[in-house]
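Peer 1: Right, I'll just put the structure down here and ask away after.
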Amino acid sequence: MKYPVIPFCFSSWMFLTLSYSRPLAEDRVKNDARLLAQTTVIRIQKHTNESKMSPNLVFSGLELIPDALNDKTLEGLSTVEDNLHTFQEILSSLPMEEMDQILADIFNLRMIIKSLATSVNCAPLKSSNMSHLESFLKTNAAFHVTIGNVALERLQKYLLKLIRNLDQLKNC
């Protein structure tokens, strides 16, 4: 029985297609993450245009909210997922109106980042600040509007930084 002869150009093309399938999928996932982050930034802008805060606000405990000015916030995929989880916990615990879509966006973005992290065999981080964060939120429940606005402002800056640096995130 004779086997069909596959021309070299076809077999080479097939090999190239198979060898590049993973990066293409990774690029598609990163593009999805970038698009969702941009959409969330727009939603936050619409939400925060109604209530502007003083940029000189001093409030004890705000260091628990991830800050885009900190260089370590985008150390790797697991760190990004952990920071998005922190934003999600903060915003879901506050009685703020019209947050459902932003929370859904954060959750979906977390899942996208988590899938990217899993694809490069990253182990999930154990967040050490969650108990401190819960205590902070309970203690300062009366200031939920202020905390919510600070969290939204920092989330917006964080997402903008993530959009700019997403392609450099290749490690855990």
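Naming works like this for the structure tokens: A, B, ... for the chains as they're shown, residue 1 at the start of each chain, ligands 1 onward in shown order.
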Within 12 Å of Gly148 in chain A, counting only C-alpha atoms, which residues show up once you throw out same-chain ones fewer than 2 positions away? Write them as JSON, numbers by chain, please.
Peer 2: {"A": [44, 47, 48, 51, 52, 53, 62, 65, 87, 88, 89, 90, 91, 92, 93, 94, 95, 96, 97, 99, 137, 140, 141, 142, 143, 144, 145, 146, 150, 151, 152, 153, 154, 155]}
Peer 1: CA of Thr40 in chain A and CA of Gln101 in chain A are how many Å apart?
Peer 2: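 Distance between the two atoms: 8.5 Å.
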Peer 1: Please determine, counting only C-alpha atoms, which residue among A:Gly76, A:Ile102, A:Ala25, A:Asn49 has the shortest atom-to-atom distance to Gln168 in chain A.
Peer 2: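 Smallest separation from Gln168 in chain A among the options: A:Gly76.
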Peer 1: Out of A:Cys172, A:Val29, A:Ala37, A:Ala104, which residue has the shortest atom-to-atom distance to Asp82 in chain A when counting only C-alpha atoms?
Peer 2: A:Cys172
